[in-house]
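Peer 1: File name run-v5.cif; file contents mmCIF, C-alpha atoms and all ligand atoms; full text below.
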data_start
loop_
_atom_site.label_atom_id
_atom_site.label_comp_id
_atom_site.auth_asym_id
_atom_site.auth_seq_id
_atom_site.Cartn_x
_atom_site.Cartn_y
_atom_site.Cartn_z
CA MET A 262 18.24 -4.55 6.23
CA PRO A 263 19.50 -1.43 7.99
CA HIS A 264 17.37 -0.55 10.99
CA ILE A 265 16.46 2.81 9.45
CA ASP A 266 14.76 1.08 6.51
CA LYS A 267 11.73 0.75 8.78
CA ALA A 268 11.06 4.44 8.06
CA GLY A 269 10.83 3.76 4.33
CA THR A 270 12.14 5.77 1.40
CA PHE A 271 11.10 8.65 -0.85
CA THR A 272 12.34 10.05 -4.16
CA LEU A 273 14.57 13.12 -4.04
CA GLY A 274 15.70 14.47 -7.39
CA GLY A 275 15.15 11.11 -9.07
CA ARG A 276 17.14 9.25 -6.41
CA THR A 277 15.69 7.02 -3.72
CA VAL A 278 16.73 8.09 -0.24
CA ARG A 279 15.90 6.74 3.18
CA ARG A 280 13.51 9.01 5.03
CA LEU A 281 15.87 9.29 7.97
CA GLY A 282 18.85 11.35 6.92
CA TYR A 283 21.30 13.60 8.69
CA GLY A 284 21.81 17.38 8.88
CA ALA A 285 25.45 18.40 9.20
CA MET A 286 25.05 21.93 10.59
CA GLN A 287 25.90 20.90 14.16
CA LEU A 288 29.36 19.72 13.09
CA ALA A 289 30.81 23.25 12.93
CA GLY A 290 31.90 25.17 16.01
CA PRO A 291 29.58 27.12 18.37
CA GLY A 292 27.15 29.34 16.45
CA VAL A 293 27.81 27.22 13.32
CA PHE A 294 31.11 29.12 13.09
CA GLY A 295 34.70 27.90 13.07
CA PRO A 296 35.98 24.37 13.62
CA PRO A 297 34.35 21.81 15.92
CA LYS A 298 35.75 21.30 19.40
CA ASP A 299 36.57 17.71 18.46
CA ARG A 300 37.16 17.09 14.75
CA ASP A 301 37.54 13.32 15.22
CA ALA A 302 34.13 13.21 16.89
CA ALA A 303 32.62 15.06 13.91
CA LEU A 304 34.20 12.59 11.47
CA ALA A 305 32.87 9.72 13.59
CA VAL A 306 29.29 11.06 13.47
CA LEU A 307 29.31 11.18 9.67
CA ARG A 308 30.85 7.72 9.32
CA GLU A 309 28.38 6.25 11.78
CA ALA A 310 25.47 7.86 9.92
CA VAL A 311 26.48 6.23 6.66
CA ALA A 312 27.27 2.93 8.40
CA GLN A 313 23.70 2.92 9.74
CA GLY A 314 22.29 3.42 6.24
CA VAL A 315 21.87 7.20 5.99
CA ASN A 316 22.05 8.17 2.32
CA HIS A 317 20.81 11.76 2.51
CA ILE A 318 23.02 14.40 4.12
CA ASP A 319 22.13 18.08 4.30
CA THR A 320 24.90 20.67 4.44
CA SER A 321 26.07 24.10 3.33
CA ASP A 322 29.39 25.73 2.62
CA PHE A 323 28.36 28.56 4.92
CA TYR A 324 28.49 26.18 7.90
CA GLY A 325 31.90 26.96 9.36
CA PRO A 326 32.16 28.48 6.71
CA HIS A 327 33.64 25.75 4.49
CA ILE A 328 34.58 23.59 7.47
CA THR A 329 31.51 21.33 7.55
CA ASN A 330 31.87 20.44 3.88
CA GLN A 331 35.57 19.77 4.34
CA ILE A 332 34.78 17.43 7.23
CA ILE A 333 32.16 15.63 5.11
CA ARG A 334 34.76 15.15 2.39
CA GLU A 335 37.40 13.90 4.82
CA ALA A 336 34.97 11.49 6.47
CA LEU A 337 33.21 10.06 3.45
CA HIS A 338 35.05 10.72 0.17
CA PRO A 339 35.00 8.79 -2.16
CA TYR A 340 31.27 8.86 -1.50
CA PRO A 341 29.05 5.76 -1.54
CA ASP A 342 27.10 5.56 -4.83
CA ASP A 343 23.76 5.93 -3.11
CA LEU A 344 24.65 8.99 -1.00
CA VAL A 345 22.78 12.18 -1.89
CA ILE A 346 24.41 15.32 -0.50
CA VAL A 347 22.16 18.37 -0.52
CA THR A 348 23.76 21.77 -0.08
CA LYS A 349 22.37 25.29 0.11
CA ILE A 350 23.53 28.71 -1.02
CA ALA A 351 22.59 32.41 -0.86
CA ALA A 352 24.41 33.51 2.28
CA ARG A 353 27.92 34.13 3.46
CA ARG A 354 29.34 34.62 6.92
CA GLY A 355 30.73 37.82 8.38
CA ASP A 356 33.88 37.80 10.53
CA ASP A 357 31.54 38.21 13.48
CA ALA A 358 29.67 34.97 12.51
CA SER A 359 26.72 36.96 11.08
CA TRP A 360 24.67 35.57 8.17
CA ILE A 361 24.86 37.92 5.20
CA PRO A 362 22.76 37.55 2.03
CA ALA A 363 25.01 36.64 -0.93
CA LEU A 364 22.76 36.86 -3.94
CA SER A 365 24.71 38.52 -6.73
CA PRO A 366 25.51 36.35 -9.78
CA ASP A 367 29.19 36.40 -8.77
CA GLU A 368 28.46 35.37 -5.18
CA LEU A 369 26.09 32.57 -6.23
CA THR A 370 28.55 31.26 -8.81
CA GLN A 371 31.38 31.44 -6.29
CA ALA A 372 29.27 29.55 -3.75
CA VAL A 373 28.63 26.73 -6.22
CA HIS A 374 32.35 26.47 -6.97
CA ASP A 375 33.20 26.57 -3.25
CA ASN A 376 30.77 23.69 -2.62
CA LEU A 377 32.18 21.67 -5.52
CA ARG A 378 35.74 22.12 -4.29
CA ASN A 379 35.11 21.58 -0.60
CA LEU A 380 32.90 18.52 -1.14
CA GLY A 381 35.27 17.19 -3.81
CA VAL A 382 32.66 16.57 -6.52
CA ASP A 383 32.25 17.54 -10.19
CA VAL A 384 28.53 18.21 -9.91
CA LEU A 385 26.33 19.13 -6.93
CA GLU A 386 23.45 16.66 -6.67
CA VAL A 387 20.93 19.08 -5.12
CA VAL A 388 21.39 22.78 -4.36
CA ASN A 389 18.76 24.53 -2.27
CA PHE A 390 18.35 28.20 -2.96
CA ARG A 391 17.72 29.75 0.49
CA SER A 392 15.55 32.84 0.28
CA MET A 393 17.02 35.68 2.32
CA HIS A 394 14.16 38.22 2.21
CA ASP A 395 14.00 37.55 5.95
CA VAL A 396 16.79 35.45 7.36
CA HIS A 397 14.56 34.16 10.18
CA GLY A 398 11.62 32.85 8.17
CA PRO A 399 9.78 32.85 4.84
CA ALA A 400 8.91 36.36 3.59
CA GLU A 401 7.37 37.35 0.29
CA GLY A 402 9.56 38.82 -2.45
CA SER A 403 10.84 37.80 -5.85
CA ILE A 404 13.45 35.04 -6.11
CA GLU A 405 13.57 35.23 -9.89
CA ALA A 406 16.97 36.90 -10.37
CA PRO A 407 19.09 34.64 -8.12
CA LEU A 408 17.20 31.48 -9.04
CA SER A 409 17.78 32.21 -12.74
CA VAL A 410 21.52 32.30 -12.01
CA LEU A 411 21.25 28.85 -10.41
CA ALA A 412 19.21 27.54 -13.34
CA ASP A 413 22.02 28.76 -15.61
CA LEU A 414 24.61 26.90 -13.56
CA GLN A 415 22.37 23.83 -13.78
CA ARG A 416 22.32 24.11 -17.60
CA LYS A 417 26.13 24.34 -17.48
CA GLY A 418 26.18 20.98 -15.65
CA LEU A 419 27.44 22.15 -12.25
CA ILE A 420 24.16 21.41 -10.48
CA ARG A 421 21.93 18.38 -11.07
CA HIS A 422 18.82 19.47 -9.18
CA ILE A 423 17.50 22.63 -7.52
CA GLY A 424 15.43 22.96 -4.36
CA LEU A 425 14.16 25.90 -2.30
CA SER A 426 14.52 26.82 1.35
CA ASN A 427 12.89 29.36 3.67
CA VAL A 428 10.21 30.05 1.07
CA THR A 429 6.51 30.86 0.79
CA PRO A 430 4.07 28.95 -1.45
CA ALA A 431 4.11 31.92 -3.89
CA GLN A 432 7.89 31.68 -4.16
CA ILE A 433 7.64 27.95 -4.86
CA GLU A 434 5.23 28.72 -7.71
CA GLN A 435 7.59 31.39 -9.04
CA GLY A 436 10.50 28.97 -8.71
CA ARG A 437 8.65 26.31 -10.72
CA SER A 438 8.27 28.78 -13.60
CA ILE A 439 12.08 29.03 -13.74
CA CYS A 440 13.27 25.46 -13.14
CA ASP A 441 12.14 22.13 -11.73
CA ILE A 442 12.00 22.32 -7.91
CA VAL A 443 12.85 18.91 -6.40
CA CYS A 444 12.48 19.68 -2.68
CA VAL A 445 11.45 22.33 -0.19
CA GLN A 446 13.27 22.89 3.13
CA ASN A 447 11.54 25.10 5.71
CA ALA A 448 11.37 25.18 9.50
CA TYR A 449 8.76 22.72 10.77
CA ASN A 450 8.30 20.49 13.80
CA LEU A 451 5.75 19.27 16.32
CA ALA A 452 5.33 22.76 17.78
CA HIS A 453 5.83 24.89 14.65
CA ARG A 454 3.39 23.92 11.94
CA ASP A 455 2.96 26.89 9.61
CA ASP A 456 3.59 24.65 6.60
CA ASP A 457 0.92 22.00 7.25
CA ALA A 458 -1.04 22.78 4.08
CA LEU A 459 2.10 23.21 1.99
CA ILE A 460 3.44 19.79 3.03
CA ASP A 461 0.27 18.09 1.84
CA ARG A 462 0.24 20.03 -1.44
CA LEU A 463 3.87 19.10 -2.15
CA GLY A 464 3.07 15.51 -1.25
CA ARG A 465 0.35 15.38 -3.90
CA ASP A 466 3.01 16.50 -6.42
CA GLY A 467 5.51 13.90 -5.17
CA VAL A 468 7.87 16.62 -3.91
CA PRO A 469 9.77 15.97 -0.67
CA TYR A 470 9.44 18.41 2.20
CA VAL A 471 12.54 18.48 4.41
CA PRO A 472 11.89 20.18 7.74
CA PHE A 473 14.80 21.99 9.30
CA PHE A 474 14.81 22.35 13.09
CA PRO A 475 12.93 19.00 13.34
CA LEU A 476 13.95 18.84 17.01
CA GLY A 477 13.45 22.55 17.61
CA GLY A 478 16.89 23.65 16.41
CA PHE A 479 18.59 26.17 18.67
CA THR A 480 15.67 25.87 21.12
CA PRO A 481 15.13 22.10 21.55
CA LEU A 482 11.48 21.03 21.76
CA GLN A 483 10.13 20.85 25.28
CA SER A 484 6.59 19.83 26.06
CA SER A 485 5.04 17.93 28.91
CA ALA A 486 2.74 16.08 26.47
CA LEU A 487 5.74 15.01 24.40
CA SER A 488 7.63 13.85 27.50
CA ALA A 489 4.60 11.95 28.79
CA VAL A 490 4.11 10.12 25.48
CA ALA A 491 7.81 9.32 25.30
CA GLN A 492 7.78 7.84 28.78
CA ARG A 493 4.75 5.68 27.98
CA LEU A 494 6.38 4.38 24.80
CA GLY A 495 9.79 3.79 26.41
CA ALA A 496 11.35 6.25 23.95
CA THR A 497 12.98 9.67 24.30
CA PRO A 498 11.10 12.91 23.53
CA MET A 499 13.41 13.55 20.56
CA GLN A 500 12.65 10.11 19.13
CA VAL A 501 8.92 10.71 19.47
CA ALA A 502 9.27 14.13 17.78
CA LEU A 503 10.98 12.44 14.83
CA ALA A 504 8.50 9.54 14.74
CA TRP A 505 5.66 12.10 14.66
CA LEU A 506 7.24 13.75 11.60
CA LEU A 507 7.67 10.38 9.88
CA ARG A 508 4.02 9.60 10.41
CA ARG A 509 2.83 13.17 9.62
CA ALA A 510 3.32 12.78 5.83
CA PRO A 511 5.11 10.30 3.58
CA ASN A 512 6.92 13.07 1.67
CA ILE A 513 8.69 14.32 4.81
CA LEU A 514 12.42 13.53 4.80
CA LEU A 515 14.25 13.97 8.10
CA ILE A 516 17.63 15.63 8.60
CA PRO A 517 18.01 15.90 12.39
CA GLY A 518 21.31 17.51 13.34
CA THR A 519 23.68 16.35 16.03
CA SER A 520 27.34 16.50 16.92
CA SER A 521 27.14 13.31 18.97
CA VAL A 522 27.24 9.66 17.90
CA GLY A 523 25.00 8.80 20.84
CA HIS A 524 22.30 11.26 19.78
CA LEU A 525 22.68 10.15 16.15
CA ARG A 526 21.97 6.53 17.08
CA GLU A 527 19.05 7.60 19.23
CA ASN A 528 17.60 9.68 16.39
CA LEU A 529 17.98 6.95 13.78
CA ALA A 530 16.27 4.47 16.11
CA ALA A 531 13.14 6.62 15.75
CA ALA A 532 12.62 4.73 12.48
CA GLY A 533 11.37 1.78 14.53
CA ILE A 534 8.72 3.72 16.48
CA ASP A 535 5.23 3.34 15.10
CA LEU A 536 2.94 5.92 16.67
CA PRO A 537 -0.68 4.80 17.07
CA ASP A 538 -3.58 7.09 16.05
CA ASP A 539 -4.48 8.17 19.59
CA VAL A 540 -0.88 9.20 20.27
CA MET A 541 -0.83 11.20 17.01
CA ARG A 542 -3.96 13.01 18.16
CA GLU A 543 -2.39 13.72 21.53
CA LEU A 544 0.80 15.05 19.94
CA ASN A 545 -1.16 17.23 17.53
CA GLY A 546 -2.29 19.12 20.64
CA VAL A 547 1.33 20.21 21.26
CA ALA A 548 1.17 22.54 18.24
CA GLN A 549 -2.13 24.01 19.42
CA ALA A 550 -0.65 24.64 22.86
CA ALA A 551 2.42 26.28 21.30
CA ALA A 552 0.39 28.50 18.94
N1 LIG B 1 17.63 25.75 5.30
C1 LIG B 1 17.90 26.36 6.43
O1 LIG B 1 17.77 27.57 6.54
C2 LIG B 1 18.37 25.56 7.61
C3 LIG B 1 18.42 26.18 8.88
C4 LIG B 1 18.83 25.41 9.96
C5 LIG B 1 19.19 24.08 9.78
N2 LIG B 1 19.15 23.51 8.53
C6 LIG B 1 19.49 22.09 8.33
O2 LIG B 1 18.61 21.32 9.12
C7 LIG B 1 19.36 20.41 9.93
C8 LIG B 1 18.60 20.14 11.21
O3 LIG B 1 18.46 21.32 11.96
P1 LIG B 1 19.31 21.66 13.26
O4 LIG B 1 20.49 20.76 13.35
O5 LIG B 1 19.54 23.11 13.28
O6 LIG B 1 18.26 21.42 14.42
P2 LIG B 1 17.57 20.10 15.04
O7 LIG B 1 17.89 18.90 14.24
O8 LIG B 1 16.16 20.47 15.27
O9 LIG B 1 18.25 20.04 16.47
C9 LIG B 1 19.61 19.99 16.67
C10 LIG B 1 19.84 20.22 18.15
O10 LIG B 1 19.28 19.14 18.90
C11 LIG B 1 20.29 18.46 19.64
N3 LIG B 1 19.99 17.02 19.53
C12 LIG B 1 20.03 16.25 18.42
N4 LIG B 1 19.65 14.99 18.70
C13 LIG B 1 19.37 14.97 20.02
C14 LIG B 1 18.94 13.96 20.89
N5 LIG B 1 18.72 12.72 20.46
N6 LIG B 1 18.77 14.27 22.21
C15 LIG B 1 18.98 15.54 22.65
N7 LIG B 1 19.40 16.54 21.85
C16 LIG B 1 19.59 16.27 20.55
C17 LIG B 1 21.59 18.84 19.00
O11 LIG B 1 22.61 18.85 19.97
P3 LIG B 1 23.81 17.75 19.97
O12 LIG B 1 24.78 18.16 18.93
O13 LIG B 1 24.33 17.84 21.36
O14 LIG B 1 23.16 16.42 19.69
C18 LIG B 1 21.31 20.25 18.51
O15 LIG B 1 21.47 21.19 19.55
C19 LIG B 1 20.69 21.13 10.13
O16 LIG B 1 21.70 20.23 10.56
C20 LIG B 1 20.91 21.73 8.76
O17 LIG B 1 21.47 20.75 7.89
C21 LIG B 1 18.73 24.24 7.46
#
Show me this structure written as structure tokens.

Peer 2:
Amino acid sequence: MPHIDKAGTFTLGGRTVRRLGYGAMQLAGPGVFGPPKDRDAALAVLREAVAQGVNHIDTSDFYGPHITNQIIREALHPYPDDLVIVTKIAARRGDDASWIPALSPDELTQAVHDNLRNLGVDVLEVVNFRSMHDVHGPAEGSIEAPLSVLADLQRKGLIRHIGLSNVTPAQIEQGRSICDIVCVQNAYNLAHRDDDALIDRLGRDGVPYVPFFPLGGFTPLQSSALSAVAQRLGATPMQVALAWLLRRAPNILLIPGTSSVGHLRENLAAAGIDLPDDVMRELNGVAQAAA
């Protein structure tokens, strides 16, 4: 049994995936733009992830742009049968590395075709529509027009399942009136817990919640309580942050990002850390201190 099986599995778009997956955003160059410093190292991270049992990889064609998907294809194609690759659309990159909303029917359709070509697949297993009303966090506003374009592409057979990212509960409800929503991907971690109620609601519906920035993203988590717990448990703070998420709710699927095989192994080993109740209570205080 792969070590990461200790974290269990959950259903994502009708497929069973291990709860510890991998987020590929860190494989592009600095600022998620351009090629990685060391392409062989990026290939090695992906191959090691799959060798350790990861069967859920999160990506986007706007990482690079295009480059991250091309690296995934080079590292892993033909893909293992059980691998679920989740991509996301609704943005493009400016020449200055900026993130620009790309929501017209033409841009969305182009993005789906770019993902198909760069990943080397005939159908995209899961496509997350990333709301761009505010690039930095969920903001109210209709997602009906662009999501209807995606639903159309799903009916045409180019997309198997649709998820949502950077969304509010109202947008999830609106999305469900347009198509089945198989997952939600928002920013969430030990110190940033705006979605606590949403996670539990999705869990009751059997819908996975996939936190991005599980380790704090561009600003890695730092907390004396987290460090103290990690030291007591003989683990690293990042491992404890992941173990906390695993214990927080069974419908949470993890996609920590890293460009390093060493960090990848460390993160996947979090599957074996069972946090006791008193430690959970202690760690819950980190969010209160950060609020
Ligand atoms: N839907 C969205 O809008 C959205 C936005 C952002 C990200 N995402 C997805 O979510 C995934 C996860 O988010 P993320 O990669 O931005 O942030 P993250 O997983 O919270 O953190 C990644 C950062 O932590 C470092 N790191 C990873 N493991 C570590 C370890 N064991 N010890 C110390 N440092 C470690 C990485 O550096 P090293 O490379 O040096 O390890 C990197 O700087 C992304 O890969 C992407 O697929 C989605």

Peer 1: So which residues touch region 328-330 of chain A within 8 Å, counting only C-alpha atoms, skipping near sequence neighbours fewer than 2 positions away, as a list in words?

Peer 2: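 Residues meeting the cut-off are Ala285, Met286, Leu288, Ala289, Gly295, Pro296, Thr320, Ser321, Asp322, Tyr324, Gly325, Pro326, Ile332, Ile333, Arg334, Asn376, Asn379 and Leu380 of chain A.
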
Peer 1: Rank A:Trp505, A:Tyr340, A:Phe473, A:Tyr283 by their smallest atom-to-atom distance to ligand LIG 1 (chain B), using all atoms listed in the file, and report the top residue only.

Peer 2: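 With all atoms listed in the file as the atom set, the closest residue is A:Phe473.
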
Peer 1: For a quick check of understanding, using all atoms listed in the file, which of A:Phe294, A:Phe271, A:Tyr449, A:Phe479 has the smallest distance to Trp360 (chain A)?

Peer 2: A:Phe294

Peer 1: Hey, which bits of chain A sit within 6 Å of ligand LIG 1 (chain B), and for each residue what's the closest pair of atoms and how far apart in Å (one decimal), counting all atoms listed in the file, rows by chain and increasing number, as JSON lines?

Peer 2:
{"residue": "A:Gly284", "atom": "CA", "partner": "B:LIG1", "partner_atom": "O16", "distance": 3.3}
{"residue": "A:Ala285", "atom": "CA", "partner": "B:LIG1", "partner_atom": "O16", "distance": 4.4}
{"residue": "A:Met286", "atom": "CA", "partner": "B:LIG1", "partner_atom": "O16", "distance": 3.8}
{"residue": "A:Gln287", "atom": "CA", "partner": "B:LIG1", "partner_atom": "O4", "distance": 5.5}
{"residue": "A:Asp319", "atom": "CA", "partner": "B:LIG1", "partner_atom": "O17", "distance": 4.5}
{"residue": "A:Thr320", "atom": "CA", "partner": "B:LIG1", "partner_atom": "O17", "distance": 4.9}
{"residue": "A:Ser426", "atom": "CA", "partner": "B:LIG1", "partner_atom": "N1", "distance": 5.1}
{"residue": "A:Asn427", "atom": "CA", "partner": "B:LIG1", "partner_atom": "O1", "distance": 5.9}
{"residue": "A:Gln446", "atom": "CA", "partner": "B:LIG1", "partner_atom": "N1", "distance": 5.6}
{"residue": "A:Phe473", "atom": "CA", "partner": "B:LIG1", "partner_atom": "O2", "distance": 3.9}
{"residue": "A:Phe474", "atom": "CA", "partner": "B:LIG1", "partner_atom": "O8", "distance": 3.2}
{"residue": "A:Pro475", "atom": "CA", "partner": "B:LIG1", "partner_atom": "O8", "distance": 4.0}
{"residue": "A:Leu476", "atom": "CA", "partner": "B:LIG1", "partner_atom": "O8", "distance": 3.3}
{"residue": "A:Gly477", "atom": "CA", "partner": "B:LIG1", "partner_atom": "O8", "distance": 4.1}
{"residue": "A:Gly478", "atom": "CA", "partner": "B:LIG1", "partner_atom": "O6", "distance": 3.3}
{"residue": "A:Phe479", "atom": "CA", "partner": "B:LIG1", "partner_atom": "O15", "distance": 5.8}
{"residue": "A:Pro481", "atom": "CA", "partner": "B:LIG1", "partner_atom": "O10", "distance": 5.7}
{"residue": "A:Met499", "atom": "CA", "partner": "B:LIG1", "partner_atom": "N5", "distance": 5.4}
{"residue": "A:Ile516", "atom": "CA", "partner": "B:LIG1", "partner_atom": "C7", "distance": 5.3}
{"residue": "A:Pro517", "atom": "CA", "partner": "B:LIG1", "partner_atom": "O7", "distance": 3.5}
{"residue": "A:Gly518", "atom": "CA", "partner": "B:LIG1", "partner_atom": "O4", "distance": 3.4}
{"residue": "A:Thr519", "atom": "CA", "partner": "B:LIG1", "partner_atom": "O12", "distance": 3.6}
{"residue": "A:Ser520", "atom": "CA", "partner": "B:LIG1", "partner_atom": "O12", "distance": 3.7}
{"residue": "A:Ser521", "atom": "CA", "partner": "B:LIG1", "partner_atom": "O14", "distance": 5.1}
{"residue": "A:His524", "atom": "CA", "partner": "B:LIG1", "partner_atom": "N5", "distance": 3.9}
{"residue": "A:Glu527", "atom": "CA", "partner": "B:LIG1", "partner_atom": "N5", "distance": 5.3}
{"residue": "A:Asn528", "atom": "CA", "partner": "B:LIG1", "partner_atom": "N5", "distance": 5.2}

Peer 1: Counting only C-alpha atoms, what is within 10 Å of Cys440 (chain A), bar same-chain residues fewer than 4 positions away, as a ChimeraX atom specification?

Peer 2: /A:408-409,411-413,415,422-424,435-436

Peer 1: Just how far from CA of Asn389 (chain A) is CA of Asp357 (chain A), in Å to one decimal?

Peer 2: 24.5 Å

Peer 1: State, in Å with one decimal place, the distance from CA of Pro362 (chain A) to CA of Met393 (chain A).

Peer 2: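 According to the coordinates, CA of Pro362 (chain A) and CA of Met393 (chain A) are separated by 6.0 Å.
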
Peer 1: Nearest residue to Gly275 (chain A) out of A:Leu419, A:Leu525, A:Val540, A:Val345, using all atoms listed in the file?

Peer 2: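 Nearest to Gly275 (chain A): A:Val345.
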
Peer 1: Identify, on the basis of all atoms listed in the file, every residue whose closest approach to Leu369 (chain A) does not exceed 7 Å; exclude the query and any residue fewer than 6 positions from it along the same chain; express the result as a PyMOL selection string.

Peer 2: chain A and resi 350-351+363

Peer 1: Could the residues in this selection be saved with C-alpha atoms as a JSON list (two decimals), in the coordinates of the input?

Peer 2:
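Full text of again11.json as output:
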[["chain", "number", "residue", "atom", "x", "y", "z"],
["A", 350, "ILE", "CA", 23.53, 28.71, -1.02],
["A", 351, "ALA", "CA", 22.59, 32.41, -0.86],
["A", 363, "ALA", "CA", 25.01, 36.64, -0.93]]

Peer 1: Which value, in Å to one decimal, gives the distance between CA of Asp538 (chain A) and CA of Asp455 (chain A)?

Peer 2: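 CA of Asp538 (chain A) sits 21.8 Å away from CA of Asp455 (chain A).
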
Peer 1: Which neighbours of Leu487 (chain A) fall inside 7 Å, counting only C-alpha atoms, when residues of the same chain fewer than 3 positions from it are skipped, and could you give them as a list of chain:residue names?

Peer 2: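 Counting only C-alpha atoms, the residues come to A:Ser484, A:Val490, A:Ala491, A:Pro498, A:Leu544.
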
Peer 1: Using all atoms listed in the file, which residue out of A:Ala305, A:Ala358, A:Val547, A:Leu503 lies closest to Ala489 (chain A)?

Peer 2: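 Of the candidates, the smallest distance to Ala489 (chain A) is held by A:Val547.
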
Peer 1: Which one is closest to Arg508 (chain A): A:Arg280, A:Ile361, A:Thr272, A:Val384? Count all atoms listed in the file.

Peer 2: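 With all atoms listed in the file as the atom set, the closest residue is A:Arg280.
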
Peer 1: Go through A:Glu401, A:Asp535, A:Glu368, A:Asp441 one by one, measure the shortest atom-to-atom distance of each to Val387 (chain A) using only C-alpha atoms, and give the residue with the smallest value.

Peer 2: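 The shortest atom-to-atom distance to Val387 (chain A) comes from A:Asp441.
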
Peer 1: Name all residues at most 9 Å from Thr270 (chain A) (count only C-alpha atoms; drop same-chain ones fewer than 4 positions away) and give them as a list of chain:residue names.

Peer 2: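 Near neighbours after the sequence-gap exclusion: A:Asp266, A:Thr277, A:Val278, A:Arg279, A:Arg280, A:Leu281, A:Pro511, A:Asn512, A:Leu514.
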
Peer 1: List every protein, DNA or RNA residue that has at least one atom no more than 9 Å from (5.2, 14.5, 8.2) in the file's coordinates, counting all atoms listed in the file, and write the result as a ChimeraX atom specification.

Peer 2: /A:450,457,460-461,470,472,504-514
